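Visitor: One structure coming up, written as structure tokens, with questions to follow.
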There are 2 protein chains.
Amino acid sequence: MTKSPCIICVAITGSVPRKEDNPAVPISVEEQIESTHEAFEAGASIAHCHVRLPDQTPTSDPELFGRLKEGIEKHCPGMIVQLSTGGRSGAGQARGGMLPLRPDMASLSVGSNNFPTRVYENPPDLVDWLASEMLKYDVKPEIEAFDLSHIFQAAKMQKDGRLKGPLYVQFVMGVKNAMPVDRPSFDFFRETLARIAPDAVWCAAGVGPGQVIVNEWCIETGGHCRT
Amino acid sequence: MTKSPCIICVAITGSVPRKEDNPAVPISVEEQIESTHEAFEAGASIAHCHVRLPDQTPTSDPELFGRLKEGIEKHCPGMIVQLSTGGRSGAGQARGGMLPLRPDMASLSVGSNNFPTRVYENPPDLVDWLASEMLKYDVKPEIEAFDLSHIFQAAKMQKDGRLKGPLYVQFVMGVKNAMPVDRPSFDFFRETLARIAPDAVWCAAGVGPGQVIVNEWCIETGGHCRT
Ligand SMILES: [Zn+2]
Ligand SMILES: [Zn+2]
Ligand SMILES: [Zn+2]
Ligand SMILES: [Zn+2]
């Protein structure tokens, strides 16, 4: 058990849900800023941000990310801004086009895995390039561990200097065709991280119906939360 | 511990090594048949087969696979022939073009992961198609588990009928950018498989310098071996 407070990271928009799925999903930058402000006042301290085009399509557009970052910094002083470099919003180096904005954090996938209908592609050279951009612009990565090998890969990248420690790792469970929401695996992820990267800090995200379950496991075992 | 004999699967050629790396690597079908025959006489009972073009490039050519299968069946009566559907030898449905030959077994990757320089792509629809071809031609898959989620995926595919049980699963360790050779992970793979697919049979492969280490772990814990 950690004695430090639980960090709540709020993923206000994500890259998948649309107004048709839930009219409350904030899509425009203005809606996102207001939604983040409410979460901030409710206790969230990291904002995990995706941006959308007017037609709701996910994008990696640095200009939109810039406006969102500026708005959150203004309305939510002290909140940590984490921008997504995820592959649902762009391809290749476009995924890191917002890193020169020097957000506090950015998400970083260090391996590949299957998603519901396709391969989530994070080729080794792109991973290394994104990591080097994060070092260059002093951006703290949140490692997205969609599988066990991704935890080992992050520890290796810390050891050889491609990532600056201590690692901040998120275990992601409940994505179809990737890791299911499974308690023994969750415990093994925690134990493995503690064994190979003892200074690492971790949180976990359960997707869809797994969200509350995984949040409870996080709180029970001293990790941080993603809502 | 199992009381059944240890099954030795011999990967005579693989898709990567060339004569320049080791002059003993069998490349032509004739060399492969003789090499398999020696392994068979030394006690191997599964032949894991890749085929190569005359310039040593890996291929999925059904004609070459057919000649190899026929030669092994003639020279090594009773040996189990396992043909590779791996992604280093072809792309898309070409990877399963040899399944109508009705080999005893074929390898099947059920998820994606990183390889040393690229993404090992096994998109969900291709995985499902390969699995359905194996059902159609009565080919027993060897599930190649390059990561933890692949074990869960195989169990799910057995449960919903896409794979016929009992599963035969191989844990693969030591591929750069995928799972390292790690004993606690090896043990967790075994435990997880026993928990979610209790009737499954397993073996494990360590790549390169990890081969002997992983073989020893397999023998010690009652699994089968890949050489
Ligand atoms: Zn995200
Ligand atoms: Zn506000
Ligand atoms: Zn192979
Ligand atoms: Zn012979």
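Each chain in the structure tokens gets a letter, A, B, ..., in the order shown, and its residues are numbered from 1; ligands are numbered from 1 in order too.
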Within 12 Å of ligand 1, which residues of chain A come that close, and what is the closest atom pair and distance in Å for each? Count only C-alpha atoms and all ligand atoms and give it as JSON lines.
Guide:
{"residue": "A:Cys9", "atom": "CA", "partner": "ligand 1", "partner_atom_place_in_ligand_line": "1 (Zn)", "distance": 10.9}
{"residue": "A:Val10", "atom": "CA", "partner": "ligand 1", "partner_atom_place_in_ligand_line": "1 (Zn)", "distance": 9.9}
{"residue": "A:Ala11", "atom": "CA", "partner": "ligand 1", "partner_atom_place_in_ligand_line": "1 (Zn)", "distance": 6.7}
{"residue": "A:Ile12", "atom": "CA", "partner": "ligand 1", "partner_atom_place_in_ligand_line": "1 (Zn)", "distance": 9.1}
{"residue": "A:Thr13", "atom": "CA", "partner": "ligand 1", "partner_atom_place_in_ligand_line": "1 (Zn)", "distance": 8.2}
{"residue": "A:Gly14", "atom": "CA", "partner": "ligand 1", "partner_atom_place_in_ligand_line": "1 (Zn)", "distance": 5.1}
{"residue": "A:Ser15", "atom": "CA", "partner": "ligand 1", "partner_atom_place_in_ligand_line": "1 (Zn)", "distance": 6.5}
{"residue": "A:Val16", "atom": "CA", "partner": "ligand 1", "partner_atom_place_in_ligand_line": "1 (Zn)", "distance": 9.2}
{"residue": "A:Pro17", "atom": "CA", "partner": "ligand 1", "partner_atom_place_in_ligand_line": "1 (Zn)", "distance": 11.4}
{"residue": "A:Ala47", "atom": "CA", "partner": "ligand 1", "partner_atom_place_in_ligand_line": "1 (Zn)", "distance": 10.2}
{"residue": "A:His48", "atom": "CA", "partner": "ligand 1", "partner_atom_place_in_ligand_line": "1 (Zn)", "distance": 6.4}
{"residue": "A:Cys49", "atom": "CA", "partner": "ligand 1", "partner_atom_place_in_ligand_line": "1 (Zn)", "distance": 6.7}
{"residue": "A:His50", "atom": "CA", "partner": "ligand 1", "partner_atom_place_in_ligand_line": "1 (Zn)", "distance": 6.3}
{"residue": "A:Val51", "atom": "CA", "partner": "ligand 1", "partner_atom_place_in_ligand_line": "1 (Zn)", "distance": 10.0}
{"residue": "A:Pro58", "atom": "CA", "partner": "ligand 1", "partner_atom_place_in_ligand_line": "1 (Zn)", "distance": 10.6}
{"residue": "A:Thr59", "atom": "CA", "partner": "ligand 1", "partner_atom_place_in_ligand_line": "1 (Zn)", "distance": 11.8}
{"residue": "A:Ser60", "atom": "CA", "partner": "ligand 1", "partner_atom_place_in_ligand_line": "1 (Zn)", "distance": 11.6}
{"residue": "A:Gln82", "atom": "CA", "partner": "ligand 1", "partner_atom_place_in_ligand_line": "1 (Zn)", "distance": 9.3}
{"residue": "A:Leu83", "atom": "CA", "partner": "ligand 1", "partner_atom_place_in_ligand_line": "1 (Zn)", "distance": 8.1}
{"residue": "A:Ser84", "atom": "CA", "partner": "ligand 1", "partner_atom_place_in_ligand_line": "1 (Zn)", "distance": 5.5}
{"residue": "A:Thr85", "atom": "CA", "partner": "ligand 1", "partner_atom_place_in_ligand_line": "1 (Zn)", "distance": 8.0}
{"residue": "A:Gly86", "atom": "CA", "partner": "ligand 1", "partner_atom_place_in_ligand_line": "1 (Zn)", "distance": 6.4}
{"residue": "A:Gly87", "atom": "CA", "partner": "ligand 1", "partner_atom_place_in_ligand_line": "1 (Zn)", "distance": 9.3}
{"residue": "A:Arg88", "atom": "CA", "partner": "ligand 1", "partner_atom_place_in_ligand_line": "1 (Zn)", "distance": 8.7}
{"residue": "A:Ser89", "atom": "CA", "partner": "ligand 1", "partner_atom_place_in_ligand_line": "1 (Zn)", "distance": 9.4}
{"residue": "A:Ala106", "atom": "CA", "partner": "ligand 1", "partner_atom_place_in_ligand_line": "1 (Zn)", "distance": 9.6}
{"residue": "A:Ser107", "atom": "CA", "partner": "ligand 1", "partner_atom_place_in_ligand_line": "1 (Zn)", "distance": 7.3}
{"residue": "A:Leu108", "atom": "CA", "partner": "ligand 1", "partner_atom_place_in_ligand_line": "1 (Zn)", "distance": 9.8}
{"residue": "A:Ser109", "atom": "CA", "partner": "ligand 1", "partner_atom_place_in_ligand_line": "1 (Zn)", "distance": 10.5}
{"residue": "A:Glu142", "atom": "CA", "partner": "ligand 1", "partner_atom_place_in_ligand_line": "1 (Zn)", "distance": 10.4}
{"residue": "A:Ile143", "atom": "CA", "partner": "ligand 1", "partner_atom_place_in_ligand_line": "1 (Zn)", "distance": 11.3}
{"residue": "A:Glu144", "atom": "CA", "partner": "ligand 1", "partner_atom_place_in_ligand_line": "1 (Zn)", "distance": 9.1}
{"residue": "A:Gln170", "atom": "CA", "partner": "ligand 1", "partner_atom_place_in_ligand_line": "1 (Zn)", "distance": 11.0}
{"residue": "A:Val172", "atom": "CA", "partner": "ligand 1", "partner_atom_place_in_ligand_line": "1 (Zn)", "distance": 10.5}
{"residue": "A:Ala205", "atom": "CA", "partner": "ligand 1", "partner_atom_place_in_ligand_line": "1 (Zn)", "distance": 10.2}
{"residue": "A:Val207", "atom": "CA", "partner": "ligand 1", "partner_atom_place_in_ligand_line": "1 (Zn)", "distance": 10.9}
{"residue": "A:Arg226", "atom": "CA", "partner": "ligand 1", "partner_atom_place_in_ligand_line": "1 (Zn)", "distance": 10.3}
{"residue": "A:Thr227", "atom": "CA", "partner": "ligand 1", "partner_atom_place_in_ligand_line": "1 (Zn)", "distance": 11.0}
Visitor: Between chain A and chain B, at 6 Å or less, what are the per-residue closest atom pairs and their distances in Å? Count only C-alpha atoms, order by chain and rising residue number, and return it as a tab-separated table.
Guide:
residue	atom	partner	partner_atom	distance
A:Gly111	CA	B:Asn114	CA	5.8
A:Ser112	CA	B:Asn113	CA	4.6
A:Asn113	CA	B:Ser112	CA	4.6
A:Asn114	CA	B:Ser112	CA	5.5
A:Arg118	CA	B:Pro123	CA	5.3
A:Val119	CA	B:Pro123	CA	5.3
A:Pro123	CA	B:Arg118	CA	5.2
A:Leu148	CA	B:Leu148	CA	5.9
A:Ser149	CA	B:Met179	CA	4.9
A:Ala178	CA	B:Ser149	CA	5.6
A:Met179	CA	B:Ser149	CA	4.9
Visitor: Compute the set of protein, DNA and RNA residues whose minimum atom distance to ligand 2 is at most 7 Å, using only C-alpha atoms and all ligand atoms, and state it as a list in words.
Guide: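 Checked against 7 Å with only C-alpha atoms and all ligand atoms; the hits are Ile33, Glu34, His37 and His75 of chain A.
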Visitor: Once you have the residues from the selection above, write them out as an mmCIF file, in the first residue's frame, restricted to N, CA, C and O atoms.
Guide:
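Written out: out.cif:
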data_model
loop_
_atom_site.group_PDB
_atom_site.id
_atom_site.type_symbol
_atom_site.label_atom_id
_atom_site.label_comp_id
_atom_site.auth_asym_id
_atom_site.auth_seq_id
_atom_site.Cartn_x
_atom_site.Cartn_y
_atom_site.Cartn_z
ATOM 1 N N ILE A 33 -12.959 21.757 -22.233
ATOM 2 C CA ILE A 33 -12.417 22.579 -21.134
ATOM 3 C C ILE A 33 -13.418 22.606 -19.973
ATOM 4 O O ILE A 33 -13.053 22.404 -18.814
ATOM 5 N N GLU A 34 -14.695 22.775 -20.299
ATOM 6 C CA GLU A 34 -15.698 22.823 -19.224
ATOM 7 C C GLU A 34 -15.808 21.475 -18.507
ATOM 8 O O GLU A 34 -15.892 21.404 -17.282
ATOM 9 N N HIS A 37 -12.884 21.033 -16.288
ATOM 10 C CA HIS A 37 -13.023 21.904 -15.126
ATOM 11 C C HIS A 37 -13.899 21.241 -14.057
ATOM 12 O O HIS A 37 -13.562 21.226 -12.869
ATOM 13 N N HIS A 75 -8.249 27.270 -16.779
ATOM 14 C CA HIS A 75 -9.405 26.980 -15.927
ATOM 15 C C HIS A 75 -9.085 26.055 -14.759
ATOM 16 O O HIS A 75 -9.832 26.018 -13.784
#
Visitor: If we count only C-alpha atoms, what is near Phe40 of chain B at a cut-off of 8 Å, once residues fewer than 5 positions away on the same chain are taken out, given as number ranges by chain?
Guide: B: 45, 76, 79
Visitor: Considering only strand (DSSP E or B) as DSSP defines it on the backbone, what residues of segment 68-143 of chain B qualify? List them as a ChimeraX atom specification.
Guide: /B:80-83,105-109,113-114,119-120,140-143
Visitor: Got time to write the residues from that selection, all heavy atoms, as a compact mmCIF listing (two decimals), in the first residue's frame?
Guide:
# COMPACT_ATOMS: atom_id res chain seq x y z
N ILE B 80 4.76 -36.18 -36.48
CA ILE B 80 3.70 -35.18 -36.67
C ILE B 80 4.25 -34.02 -37.48
O ILE B 80 5.28 -33.43 -37.11
CB ILE B 80 3.16 -34.71 -35.30
CG1 ILE B 80 2.44 -35.87 -34.61
CG2 ILE B 80 2.26 -33.50 -35.46
CD1 ILE B 80 2.20 -35.64 -33.13
N VAL B 81 3.59 -33.70 -38.58
CA VAL B 81 4.04 -32.60 -39.44
C VAL B 81 3.27 -31.33 -39.08
O VAL B 81 2.03 -31.31 -39.13
CB VAL B 81 3.85 -32.94 -40.92
CG1 VAL B 81 4.22 -31.76 -41.80
CG2 VAL B 81 4.67 -34.17 -41.29
N GLN B 82 4.01 -30.29 -38.70
CA GLN B 82 3.40 -29.00 -38.34
C GLN B 82 3.94 -27.93 -39.29
O GLN B 82 5.14 -27.66 -39.30
CB GLN B 82 3.77 -28.66 -36.89
CG GLN B 82 3.22 -27.33 -36.42
CD GLN B 82 3.72 -26.96 -35.03
OE1 GLN B 82 4.60 -26.13 -34.86
NE2 GLN B 82 3.15 -27.60 -34.01
N LEU B 83 3.05 -27.34 -40.07
CA LEU B 83 3.47 -26.32 -41.04
C LEU B 83 3.25 -24.92 -40.46
O LEU B 83 2.25 -24.67 -39.78
CB LEU B 83 2.70 -26.50 -42.35
CG LEU B 83 2.81 -27.90 -42.99
CD1 LEU B 83 2.08 -27.93 -44.34
CD2 LEU B 83 4.26 -28.34 -43.15
N MET B 105 -0.66 -30.64 -38.05
CA MET B 105 -0.73 -29.41 -37.26
C MET B 105 -0.28 -28.22 -38.11
O MET B 105 0.39 -28.37 -39.14
CB MET B 105 0.19 -29.49 -36.03
CG MET B 105 -0.16 -30.58 -35.03
SD MET B 105 0.94 -30.53 -33.56
CE MET B 105 0.23 -29.16 -32.63
N ALA B 106 -0.61 -27.02 -37.60
CA ALA B 106 -0.08 -25.79 -38.18
C ALA B 106 0.04 -24.79 -37.05
O ALA B 106 -0.73 -24.84 -36.08
CB ALA B 106 -1.00 -25.26 -39.28
N SER B 107 1.01 -23.91 -37.15
CA SER B 107 1.14 -22.87 -36.12
C SER B 107 0.06 -21.81 -36.35
O SER B 107 -0.38 -21.59 -37.48
CB SER B 107 2.53 -22.24 -36.17
OG SER B 107 2.74 -21.63 -37.43
N LEU B 108 -0.38 -21.20 -35.26
CA LEU B 108 -1.42 -20.15 -35.34
C LEU B 108 -1.13 -19.07 -34.31
O LEU B 108 -1.16 -19.34 -33.10
CB LEU B 108 -2.81 -20.75 -35.10
CG LEU B 108 -3.97 -19.76 -35.11
CD1 LEU B 108 -4.17 -19.13 -36.49
CD2 LEU B 108 -5.27 -20.41 -34.64
N SER B 109 -0.85 -17.88 -34.77
CA SER B 109 -0.73 -16.73 -33.86
C SER B 109 -2.10 -16.10 -33.72
O SER B 109 -2.78 -15.89 -34.72
CB SER B 109 0.26 -15.71 -34.42
OG SER B 109 1.57 -16.22 -34.35
N ASN B 113 2.07 -8.45 -31.87
CA ASN B 113 3.12 -8.00 -30.94
C ASN B 113 4.26 -7.42 -31.76
O ASN B 113 4.25 -7.52 -32.99
CB ASN B 113 3.60 -9.18 -30.08
CG ASN B 113 4.03 -10.37 -30.92
OD1 ASN B 113 3.20 -11.22 -31.28
ND2 ASN B 113 5.31 -10.42 -31.25
N ASN B 114 5.21 -6.84 -31.08
CA ASN B 114 6.37 -6.33 -31.80
C ASN B 114 7.42 -7.41 -31.98
O ASN B 114 7.56 -8.31 -31.13
CB ASN B 114 6.97 -5.11 -31.10
CG ASN B 114 6.24 -3.83 -31.49
OD1 ASN B 114 5.31 -3.87 -32.31
ND2 ASN B 114 6.64 -2.71 -30.93
N VAL B 119 6.27 -4.70 -36.60
CA VAL B 119 5.09 -5.25 -35.93
C VAL B 119 4.80 -6.63 -36.52
O VAL B 119 4.78 -6.78 -37.75
CB VAL B 119 3.88 -4.32 -36.13
CG1 VAL B 119 2.64 -4.92 -35.46
CG2 VAL B 119 4.16 -2.92 -35.60
N TYR B 120 4.61 -7.61 -35.67
CA TYR B 120 4.14 -8.92 -36.14
C TYR B 120 2.63 -8.84 -36.19
O TYR B 120 1.96 -8.92 -35.16
CB TYR B 120 4.62 -10.01 -35.19
CG TYR B 120 4.21 -11.41 -35.64
CD1 TYR B 120 4.13 -11.74 -36.99
CD2 TYR B 120 3.93 -12.39 -34.71
CE1 TYR B 120 3.76 -13.01 -37.40
CE2 TYR B 120 3.58 -13.67 -35.11
CZ TYR B 120 3.48 -13.96 -36.46
OH TYR B 120 3.11 -15.22 -36.86
N LYS B 140 -4.64 -29.47 -36.52
CA LYS B 140 -4.55 -29.07 -35.11
C LYS B 140 -3.63 -27.86 -34.99
O LYS B 140 -2.46 -27.93 -35.37
CB LYS B 140 -3.94 -30.24 -34.31
CG LYS B 140 -3.78 -29.95 -32.83
CD LYS B 140 -5.09 -30.09 -32.14
CE LYS B 140 -5.04 -29.66 -30.69
NZ LYS B 140 -6.40 -29.65 -30.13
N PRO B 141 -4.13 -26.74 -34.47
CA PRO B 141 -3.25 -25.59 -34.34
C PRO B 141 -2.30 -25.69 -33.15
O PRO B 141 -2.66 -26.23 -32.10
CB PRO B 141 -4.20 -24.41 -34.13
CG PRO B 141 -5.54 -24.98 -33.88
CD PRO B 141 -5.51 -26.46 -34.05
N GLU B 142 -1.07 -25.23 -33.33
CA GLU B 142 -0.21 -24.92 -32.19
C GLU B 142 -0.31 -23.41 -32.01
O GLU B 142 0.11 -22.64 -32.88
CB GLU B 142 1.25 -25.32 -32.46
CG GLU B 142 2.18 -24.85 -31.33
CD GLU B 142 3.64 -25.23 -31.59
OE1 GLU B 142 4.05 -26.33 -31.22
OE2 GLU B 142 4.38 -24.39 -32.18
N ILE B 143 -0.90 -22.99 -30.89
CA ILE B 143 -1.08 -21.56 -30.63
C ILE B 143 0.27 -20.97 -30.24
O ILE B 143 0.90 -21.43 -29.28
CB ILE B 143 -2.07 -21.35 -29.46
CG1 ILE B 143 -3.40 -22.07 -29.72
CG2 ILE B 143 -2.27 -19.86 -29.19
CD1 ILE B 143 -4.14 -21.63 -30.93
Visitor: Could you pull out the residues sitting within 12 Å of ligand 4, using only C-alpha atoms and all ligand atoms, and write them as a ChimeraX atom specification?
Guide: /B:29-41,71-77
Visitor: Atom CA of Val212 of chain A to atom CA of Cys225 of chain A: how many Å, to one decimal?
Guide: 9.8 Å
Visitor: For a quick check of understanding, using only C-alpha atoms, which of B:Glu20, B:Asp128, B:Asp187, B:Glu63 has the smallest distance to Gly92 of chain B?
Guide: B:Asp128
Visitor: Name all residues at most 10 Å from Glu133 of chain A (count only C-alpha atoms; drop same-chain ones fewer than 4 positions away) and give them as a PyMOL selection string.
Guide: chain A and resi 96-97+99-100+102+127-129+137-139
Visitor: May I ask for the distance between atom CA of Gly222 of chain A and atom CA of Trp202 of chain A, given in Å to one decimal place?
Guide: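 Interatomic distance, atom CA of Gly222 of chain A to atom CA of Trp202 of chain A: 9.0 Å.
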Visitor: Using DSSP secondary structure from the backbone, list all helix (DSSP H, G or I) positions within chain B, as a PyMOL selection string.
Guide: chain B and resi 29-41+62-75+92-96+99-101+124-136+148-159+183-196+208-221
